[in-house]
file data_26.cif (mmCIF, C-alpha atoms and all ligand atoms; chains and numbers go by the auth columns)
data_query
loop_
_atom_site.group_PDB
_atom_site.id
_atom_site.type_symbol
_atom_site.label_atom_id
_atom_site.label_comp_id
_atom_site.label_asym_id
_atom_site.label_seq_id
_atom_site.Cartn_x
_atom_site.Cartn_y
_atom_site.Cartn_z
_atom_site.B_iso_or_equiv
_atom_site.auth_seq_id
_atom_site.auth_asym_id
ATOM 1 C CA MET A 1 16.428 20.062 29.733 0.00 1 A
ATOM 2 C CA ALA A 2 17.519 21.450 26.347 0.00 2 A
ATOM 3 C CA ARG A 3 14.856 22.317 23.808 0.00 3 A
ATOM 4 C CA ALA A 4 14.162 19.519 21.312 0.00 4 A
ATOM 5 C CA VAL A 5 15.557 20.016 17.797 0.00 5 A
ATOM 6 C CA LEU A 6 13.856 18.533 14.734 0.00 6 A
ATOM 7 C CA TYR A 7 15.890 18.143 11.552 0.00 7 A
ATOM 8 C CA ASP A 8 13.257 18.131 8.867 0.00 8 A
ATOM 9 C CA TYR A 9 12.138 19.254 5.420 0.00 9 A
ATOM 10 C CA PHE A 10 8.816 20.995 4.983 0.00 10 A
ATOM 11 C CA ARG A 11 7.492 18.620 2.303 0.00 11 A
ATOM 12 C CA SER A 12 8.917 15.410 3.748 0.00 12 A
ATOM 13 C CA SER A 13 5.993 13.273 4.847 0.00 13 A
ATOM 14 C CA ALA A 14 8.058 11.381 7.425 0.00 14 A
ATOM 15 C CA SER A 15 9.002 14.764 8.935 0.00 15 A
ATOM 16 C CA TYR A 16 5.386 15.904 8.755 0.00 16 A
ATOM 17 C CA ARG A 17 4.416 12.841 10.851 0.00 17 A
ATOM 18 C CA VAL A 18 6.861 13.767 13.584 0.00 18 A
ATOM 19 C CA ARG A 19 5.771 17.425 13.584 0.00 19 A
ATOM 20 C CA ILE A 20 2.171 16.273 14.137 0.00 20 A
ATOM 21 C CA ALA A 21 3.209 13.983 17.014 0.00 21 A
ATOM 22 C CA LEU A 22 5.293 16.726 18.655 0.00 22 A
ATOM 23 C CA ASN A 23 2.352 19.118 18.397 0.00 23 A
ATOM 24 C CA LEU A 24 -0.143 16.564 19.754 0.00 24 A
ATOM 25 C CA LYS A 25 2.135 15.991 22.743 0.00 25 A
ATOM 26 C CA GLY A 26 2.579 19.736 23.228 0.00 26 A
ATOM 27 C CA ILE A 27 6.390 19.518 22.974 0.00 27 A
ATOM 28 C CA ASP A 28 8.238 22.748 22.307 0.00 28 A
ATOM 29 C CA TYR A 29 10.917 22.286 19.615 0.00 29 A
ATOM 30 C CA GLU A 30 13.003 24.140 17.082 0.00 30 A
ATOM 31 C CA HIS A 31 13.499 23.277 13.418 0.00 31 A
ATOM 32 C CA ARG A 32 16.743 22.680 11.550 0.00 32 A
ATOM 33 C CA PRO A 33 15.622 22.611 7.924 0.00 33 A
ATOM 34 C CA ILE A 34 17.526 20.122 5.742 0.00 34 A
ATOM 35 C CA SER A 35 16.875 20.843 2.064 0.00 35 A
ATOM 36 C CA LEU A 36 16.242 17.582 0.249 0.00 36 A
ATOM 37 C CA VAL A 37 16.188 19.303 -3.146 0.00 37 A
ATOM 38 C CA GLN A 38 19.667 20.704 -2.484 0.00 38 A
ATOM 39 C CA GLY A 39 20.860 17.311 -1.259 0.00 39 A
ATOM 40 C CA GLU A 40 21.716 18.499 2.243 0.00 40 A
ATOM 41 C CA GLN A 41 20.669 15.086 3.602 0.00 41 A
ATOM 42 C CA GLN A 42 23.781 13.647 1.914 0.00 42 A
ATOM 43 C CA ALA A 43 26.218 16.136 3.445 0.00 43 A
ATOM 44 C CA PRO A 44 28.843 14.378 5.589 0.00 44 A
ATOM 45 C CA SER A 45 27.921 16.614 8.526 0.00 45 A
ATOM 46 C CA TYR A 46 24.302 15.423 8.367 0.00 46 A
ATOM 47 C CA ARG A 47 25.143 11.766 7.660 0.00 47 A
ATOM 48 C CA ALA A 48 27.283 11.840 10.766 0.00 48 A
ATOM 49 C CA LEU A 49 24.032 12.483 12.646 0.00 49 A
ATOM 50 C CA ASN A 50 21.882 10.099 10.600 0.00 50 A
ATOM 51 C CA PRO A 51 23.859 7.560 8.554 0.00 51 A
ATOM 52 C CA GLN A 52 20.752 6.803 6.486 0.00 52 A
ATOM 53 C CA GLY A 53 20.735 10.350 5.121 0.00 53 A
ATOM 54 C CA PHE A 54 17.022 10.780 5.822 0.00 54 A
ATOM 55 C CA VAL A 55 14.914 13.321 7.564 0.00 55 A
ATOM 56 C CA PRO A 56 13.484 13.438 10.148 0.00 56 A
ATOM 57 C CA MET A 57 15.982 13.264 12.969 0.00 57 A
ATOM 58 C CA LEU A 58 14.948 14.382 16.417 0.00 58 A
ATOM 59 C CA ASP A 59 17.339 15.480 19.126 0.00 59 A
ATOM 60 C CA ILE A 60 15.395 15.152 22.374 0.00 60 A
ATOM 61 C CA ASP A 61 16.101 14.284 26.014 0.00 61 A
ATOM 62 C CA GLY A 62 19.791 13.850 25.154 0.00 62 A
ATOM 63 C CA HIS A 63 18.986 11.279 22.435 0.00 63 A
ATOM 64 C CA ARG A 64 19.326 11.488 18.664 0.00 64 A
ATOM 65 C CA LEU A 65 16.377 9.602 17.277 0.00 65 A
ATOM 66 C CA THR A 66 15.747 8.549 13.681 0.00 66 A
ATOM 67 C CA GLN A 67 12.923 6.746 11.852 0.00 67 A
ATOM 68 C CA SER A 68 9.599 8.552 12.219 0.00 68 A
ATOM 69 C CA LEU A 69 7.659 5.603 13.663 0.00 69 A
ATOM 70 C CA ALA A 70 10.374 4.899 16.229 0.00 70 A
ATOM 71 C CA ILE A 71 10.398 8.597 17.162 0.00 71 A
ATOM 72 C CA ILE A 72 6.611 8.678 17.559 0.00 72 A
ATOM 73 C CA VAL A 73 6.624 5.547 19.722 0.00 73 A
ATOM 74 C CA TYR A 74 9.360 7.107 21.877 0.00 74 A
ATOM 75 C CA LEU A 75 7.305 10.286 22.316 0.00 75 A
ATOM 76 C CA ASP A 76 4.267 8.205 23.191 0.00 76 A
ATOM 77 C CA GLN A 77 6.159 6.145 25.753 0.00 77 A
ATOM 78 C CA THR A 78 7.773 9.143 27.429 0.00 78 A
ATOM 79 C CA ARG A 79 4.794 11.550 27.297 0.00 79 A
ATOM 80 C CA ARG A 80 1.610 9.629 27.915 0.00 80 A
ATOM 81 C CA ASP A 81 -0.976 12.290 27.092 0.00 81 A
ATOM 82 C CA PRO A 82 -2.695 12.157 24.763 0.00 82 A
ATOM 83 C CA PRO A 83 -1.991 8.486 23.943 0.00 83 A
ATOM 84 C CA LEU A 84 -1.283 7.933 20.247 0.00 84 A
ATOM 85 C CA MET A 85 -2.038 4.194 20.356 0.00 85 A
ATOM 86 C CA PRO A 86 -4.913 2.328 21.993 0.00 86 A
ATOM 87 C CA ALA A 87 -4.032 0.474 25.211 0.00 87 A
ATOM 88 C CA ASP A 88 -5.845 -2.709 24.176 0.00 88 A
ATOM 89 C CA PRO A 89 -3.226 -4.966 22.469 0.00 89 A
ATOM 90 C CA ALA A 90 -5.465 -5.996 19.582 0.00 90 A
ATOM 91 C CA ASP A 91 -6.611 -2.425 18.937 0.00 91 A
ATOM 92 C CA GLY A 92 -2.998 -1.278 19.220 0.00 92 A
ATOM 93 C CA ALA A 93 -1.904 -3.879 16.675 0.00 93 A
ATOM 94 C CA HIS A 94 -4.654 -2.735 14.304 0.00 94 A
ATOM 95 C CA VAL A 95 -3.677 0.921 14.581 0.00 95 A
ATOM 96 C CA ARG A 96 0.018 0.124 14.083 0.00 96 A
ATOM 97 C CA ALA A 97 -0.895 -1.992 11.044 0.00 97 A
ATOM 98 C CA LEU A 98 -2.660 1.031 9.514 0.00 98 A
ATOM 99 C CA ALA A 99 0.347 3.238 10.229 0.00 99 A
ATOM 100 C CA MET A 100 2.775 0.670 8.820 0.00 100 A
ATOM 101 C CA ALA A 101 0.691 0.146 5.684 0.00 101 A
ATOM 102 C CA VAL A 102 1.507 3.775 4.907 0.00 102 A
ATOM 103 C CA ALA A 103 4.988 4.147 6.362 0.00 103 A
ATOM 104 C CA CYS A 104 6.435 0.753 5.367 0.00 104 A
ATOM 105 C CA ASP A 105 4.509 -0.189 2.238 0.00 105 A
ATOM 106 C CA ILE A 106 3.387 2.957 0.392 0.00 106 A
ATOM 107 C CA HIS A 107 5.896 5.650 1.270 0.00 107 A
ATOM 108 C CA PRO A 108 9.240 3.838 0.636 0.00 108 A
ATOM 109 C CA LEU A 109 8.319 3.066 -2.983 0.00 109 A
ATOM 110 C CA ASN A 110 7.809 6.756 -3.656 0.00 110 A
ATOM 111 C CA ASN A 111 10.668 8.261 -1.740 0.00 111 A
ATOM 112 C CA LEU A 112 12.764 10.946 -3.447 0.00 112 A
ATOM 113 C CA ARG A 113 15.823 8.701 -3.857 0.00 113 A
ATOM 114 C CA VAL A 114 13.673 5.982 -5.490 0.00 114 A
ATOM 115 C CA LEU A 115 12.072 8.458 -7.909 0.00 115 A
ATOM 116 C CA LYS A 116 15.502 9.919 -8.717 0.00 116 A
ATOM 117 C CA TYR A 117 16.876 6.431 -9.404 0.00 117 A
ATOM 118 C CA LEU A 118 13.985 5.725 -11.779 0.00 118 A
ATOM 119 C CA ARG A 119 14.545 9.004 -13.628 0.00 119 A
ATOM 120 C CA GLY A 120 18.357 8.863 -13.649 0.00 120 A
ATOM 121 C CA PRO A 121 20.123 5.477 -13.842 0.00 121 A
ATOM 122 C CA LEU A 122 17.035 3.608 -15.102 0.00 122 A
ATOM 123 C CA GLY A 123 16.094 6.273 -17.667 0.00 123 A
ATOM 124 C CA VAL A 124 12.358 6.232 -16.863 0.00 124 A
ATOM 125 C CA SER A 125 10.383 9.146 -18.355 0.00 125 A
ATOM 126 C CA GLU A 126 8.786 11.821 -16.171 0.00 126 A
ATOM 127 C CA GLU A 127 5.321 10.500 -17.141 0.00 127 A
ATOM 128 C CA ASP A 128 6.193 6.885 -16.259 0.00 128 A
ATOM 129 C CA LYS A 129 7.767 7.973 -12.992 0.00 129 A
ATOM 130 C CA ASP A 130 4.537 9.791 -12.080 0.00 130 A
ATOM 131 C CA GLU A 131 2.556 6.701 -13.120 0.00 131 A
ATOM 132 C CA TRP A 132 4.756 4.572 -10.836 0.00 132 A
ATOM 133 C CA TYR A 133 4.005 6.988 -8.015 0.00 133 A
ATOM 134 C CA ARG A 134 0.244 6.990 -8.579 0.00 134 A
ATOM 135 C CA HIS A 135 0.099 3.205 -9.036 0.00 135 A
ATOM 136 C CA TRP A 136 1.670 2.373 -5.665 0.00 136 A
ATOM 137 C CA VAL A 137 -0.235 5.075 -3.804 0.00 137 A
ATOM 138 C CA ALA A 138 -3.585 4.011 -5.282 0.00 138 A
ATOM 139 C CA GLU A 139 -2.960 0.321 -4.565 0.00 139 A
ATOM 140 C CA GLY A 140 -1.856 1.078 -1.018 0.00 140 A
ATOM 141 C CA LEU A 141 -4.711 3.467 -0.241 0.00 141 A
ATOM 142 C CA ALA A 142 -7.301 1.002 -1.586 0.00 142 A
ATOM 143 C CA ALA A 143 -6.057 -1.615 0.875 0.00 143 A
ATOM 144 C CA LEU A 144 -5.872 0.941 3.686 0.00 144 A
ATOM 145 C CA GLU A 145 -9.493 1.960 3.064 0.00 145 A
ATOM 146 C CA GLU A 146 -10.600 -1.674 3.513 0.00 146 A
ATOM 147 C CA MET A 147 -8.418 -2.169 6.565 0.00 147 A
ATOM 148 C CA ALA A 148 -9.598 1.004 8.293 0.00 148 A
ATOM 149 C CA ARG A 149 -13.340 0.927 7.559 0.00 149 A
ATOM 150 C CA PRO A 150 -14.518 -1.537 10.269 0.00 150 A
ATOM 151 C CA HIS A 151 -13.110 0.451 13.204 0.00 151 A
ATOM 152 C CA ALA A 152 -13.033 3.981 11.843 0.00 152 A
ATOM 153 C CA GLY A 153 -14.911 6.850 13.441 0.00 153 A
ATOM 154 C CA ALA A 154 -14.213 10.499 12.873 0.00 154 A
ATOM 155 C CA PHE A 155 -10.534 9.453 12.823 0.00 155 A
ATOM 156 C CA LEU A 156 -9.056 6.293 11.299 0.00 156 A
ATOM 157 C CA PHE A 157 -9.611 4.429 14.561 0.00 157 A
ATOM 158 C CA GLY A 158 -12.480 5.721 16.641 0.00 158 A
ATOM 159 C CA ASP A 159 -12.877 9.365 17.506 0.00 159 A
ATOM 160 C CA SER A 160 -9.444 10.468 18.625 0.00 160 A
ATOM 161 C CA PRO A 161 -6.190 10.821 16.694 0.00 161 A
ATOM 162 C CA THR A 162 -3.703 7.939 16.625 0.00 162 A
ATOM 163 C CA ILE A 163 -0.441 7.125 14.917 0.00 163 A
ATOM 164 C CA ALA A 164 -2.568 5.904 11.985 0.00 164 A
ATOM 165 C CA ASP A 165 -3.901 9.431 11.330 0.00 165 A
ATOM 166 C CA ILE A 166 -0.400 10.803 11.828 0.00 166 A
ATOM 167 C CA CYS A 167 0.720 8.655 8.885 0.00 167 A
ATOM 168 C CA LEU A 168 -2.423 9.138 6.795 0.00 168 A
ATOM 169 C CA VAL A 169 -2.542 12.941 6.622 0.00 169 A
ATOM 170 C CA PRO A 170 0.965 13.436 5.141 0.00 170 A
ATOM 171 C CA GLN A 171 0.382 10.567 2.693 0.00 171 A
ATOM 172 C CA LEU A 172 -2.826 12.167 1.401 0.00 172 A
ATOM 173 C CA TYR A 173 -1.062 15.539 1.178 0.00 173 A
ATOM 174 C CA ASN A 174 1.505 13.838 -1.085 0.00 174 A
ATOM 175 C CA ALA A 175 -1.177 12.018 -3.051 0.00 175 A
ATOM 176 C CA ARG A 176 -2.894 15.321 -3.850 0.00 176 A
ATOM 177 C CA ARG A 177 0.391 16.844 -4.998 0.00 177 A
ATOM 178 C CA PHE A 178 0.692 14.026 -7.521 0.00 178 A
ATOM 179 C CA SER A 179 -2.990 14.229 -8.524 0.00 179 A
ATOM 180 C CA VAL A 180 -3.917 10.770 -7.231 0.00 180 A
ATOM 181 C CA PRO A 181 -7.746 10.505 -7.293 0.00 181 A
ATOM 182 C CA LEU A 182 -9.095 10.029 -3.755 0.00 182 A
ATOM 183 C CA ALA A 183 -12.807 9.597 -4.475 0.00 183 A
ATOM 184 C CA ASN A 184 -12.750 5.855 -3.751 0.00 184 A
ATOM 185 C CA TYR A 185 -11.464 6.265 -0.211 0.00 185 A
ATOM 186 C CA PRO A 186 -14.319 7.844 1.802 0.00 186 A
ATOM 187 C CA THR A 187 -13.088 6.501 5.155 0.00 187 A
ATOM 188 C CA LEU A 188 -9.608 7.899 4.561 0.00 188 A
ATOM 189 C CA ARG A 189 -10.978 11.249 3.395 0.00 189 A
ATOM 190 C CA ARG A 190 -13.229 11.567 6.446 0.00 190 A
ATOM 191 C CA ALA A 191 -10.337 10.888 8.838 0.00 191 A
ATOM 192 C CA ASP A 192 -8.104 13.258 6.874 0.00 192 A
ATOM 193 C CA GLU A 193 -10.717 16.005 7.053 0.00 193 A
ATOM 194 C CA THR A 194 -11.233 15.551 10.795 0.00 194 A
ATOM 195 C CA ALA A 195 -7.512 15.427 11.508 0.00 195 A
ATOM 196 C CA SER A 196 -6.657 18.365 9.269 0.00 196 A
ATOM 197 C CA ALA A 197 -9.046 20.551 11.252 0.00 197 A
ATOM 198 C CA HIS A 198 -7.203 19.639 14.479 0.00 198 A
ATOM 199 C CA ALA A 199 -4.754 22.371 15.566 0.00 199 A
ATOM 200 C CA ALA A 200 -1.846 19.948 16.052 0.00 200 A
ATOM 201 C CA PHE A 201 -2.185 18.631 12.506 0.00 201 A
ATOM 202 C CA ALA A 202 -2.839 22.049 10.989 0.00 202 A
ATOM 203 C CA ALA A 203 0.295 23.571 12.543 0.00 203 A
ATOM 204 C CA ALA A 204 2.411 20.732 11.110 0.00 204 A
ATOM 205 C CA HIS A 205 1.239 21.326 7.520 0.00 205 A
ATOM 206 C CA PRO A 206 4.064 21.932 5.003 0.00 206 A
ATOM 207 C CA ASP A 207 2.616 25.320 4.041 0.00 207 A
ATOM 208 C CA ARG A 208 3.118 26.498 7.612 0.00 208 A
ATOM 209 C CA GLN A 209 6.815 25.555 7.863 0.00 209 A
ATOM 210 C CA GLU A 210 9.890 27.608 7.136 0.00 210 A
ATOM 211 C CA GLN A 211 11.676 26.240 4.064 0.00 211 A
HETATM 212 N N1 LIG B . 11.454 5.205 7.165 0.00 1 B
HETATM 213 C C1 LIG B . 11.945 6.546 7.329 0.00 1 B
HETATM 214 C C2 LIG B . 11.857 7.234 6.000 0.00 1 B
HETATM 215 C C3 LIG B . 12.459 8.601 6.037 0.00 1 B
HETATM 216 C C4 LIG B . 12.466 9.175 4.642 0.00 1 B
HETATM 217 O O1 LIG B . 12.293 8.456 3.651 0.00 1 B
HETATM 218 N N2 LIG B . 12.654 10.476 4.554 0.00 1 B
HETATM 219 C C5 LIG B . 12.691 11.065 3.255 0.00 1 B
HETATM 220 C C6 LIG B . 11.800 12.288 3.201 0.00 1 B
HETATM 221 S S1 LIG B . 10.111 11.856 3.472 0.00 1 B
HETATM 222 C C7 LIG B . 14.112 11.479 2.956 0.00 1 B
HETATM 223 O O2 LIG B . 14.807 11.983 3.813 0.00 1 B
HETATM 224 N N3 LIG B . 14.518 11.256 1.710 0.00 1 B
HETATM 225 C C8 LIG B . 15.807 11.643 1.296 0.00 1 B
HETATM 226 C C9 LIG B . 16.149 11.054 -0.025 0.00 1 B
HETATM 227 O O3 LIG B . 15.341 10.308 -0.588 0.00 1 B
HETATM 228 O O4 LIG B . 17.248 11.348 -0.486 0.00 1 B
HETATM 229 C C10 LIG B . 11.118 7.288 8.378 0.00 1 B
HETATM 230 O O5 LIG B . 9.958 6.930 8.551 0.00 1 B
HETATM 231 O O6 LIG B . 11.660 8.199 9.044 0.00 1 B
#

call {"tool": "encode", "arguments": {"input": "data_26.cif", "output": "structure tokens"}}
result
Amino acid sequence: MARAVLYDYFRSSASYRVRIALNLKGIDYEHRPISLVQGEQQAPSYRALNPQGFVPMLDIDGHRLTQSLAIIVYLDQTRRDPPLMPADPADGAHVRALAMAVACDIHPLNNLRVLKYLRGPLGVSEEDKDEWYRHWVAEGLAALEEMARPHAGAFLFGDSPTIADICLVPQLYNARRFSVPLANYPTLRRADETASAHAAFAAAHPDRQEQ
């Protein structure tokens, strides 16, 4: 079977999620960096692979997969160990809700194309754009803290990593880049600290990727 190929960008949090999942599953893969700052995601050659013009895109097992959560679920269904979601349906729903609170509700509001649209066509100042970013991250993380607290352990759910941690760690990396205060989220910070010390998460960090 051909080696998996991940089209990604070092600072893209959706790409960061998939790198973590690939590392947790012990899957060997090569990178194809797509520079978001140079607009390579809009190149016709890349849009032919992913019509949404987003990273990540994963070429694996003869499939071209897009959407980080769909990719992670595919990896989890085809490589069982270690499981990234609890087997119990209610626990699984809880963990997916945590992941989706980040991936569907926080992240899309702060995506590059959204920030560029605010700055460009809508004429929003750099300061107001940053305020927009911090507002939606803070509101989303406050809710996530409440959602996670009842079932959190060392990780966001119990004591092993799940898809919820895979979404959390890149989101907190982004939050720190934009100076979002994190003091009010002790559960999130504990899970982030535990996960960041894990080799699979550490190797996926943006600072350890080629650019
Ligand atoms: N829902 C998608 C989001 C992917 C996404 O937004 N990727 C960003 C980087 S984190 C991107 O490629 N942005 C390009 C742009 O905004 O032009 C996923 O989870 O894969």

call {"tool": "atom_distance", "arguments": {"input": "data_26.cif", "atom1": "atom CA of Ala70 of chain A", "atom2": "atom CA of Ala138 of chain A"}}
result
25.7 Å

call {"tool": "residues_around", "arguments": {"input": "data_26.cif", "residues": "segment 171-188 of chain A", "least_positions_apart": "5", "cutoff": "7 Å", "atoms": "only C-alpha atoms", "output": "MDAnalysis selection string"}}
result
chainID A and resid 13 134 142 145 149 156

call {"tool": "residues_near_ligand", "arguments": {"input": "data_26.cif", "ligand": "ligand LIG 1 (chain B)", "cutoff": "9 Å", "atoms": "only C-alpha atoms and all ligand atoms", "output": "PyMOL selection string"}}
result
chain A and resi 8-9+11-18+34+36-37+39-42+52-57+66-71+103-104+107-108+110-116

call {"tool": "resolve_selection", "arguments": {"input": "data_26.cif", "expression": "the PyMOL selection byres (((chain A and resi 24) around 9) and not hetatm)", "output": "PyMOL selection string"}}
result
chain A and resi 19-23+25-27+81-82+84+161+199-201

call {"tool": "atom_distance", "arguments": {"input": "data_26.cif", "atom1": "atom CA of Ala99 of chain A", "atom2": "atom CA of Thr194 of chain A"}}
result
16.9 Å

call {"tool": "atom_distance", "arguments": {"input": "data_26.cif", "atom1": "atom CA of Ala97 of chain A", "atom2": "atom CA of Leu58 of chain A"}}
result
23.4 Å
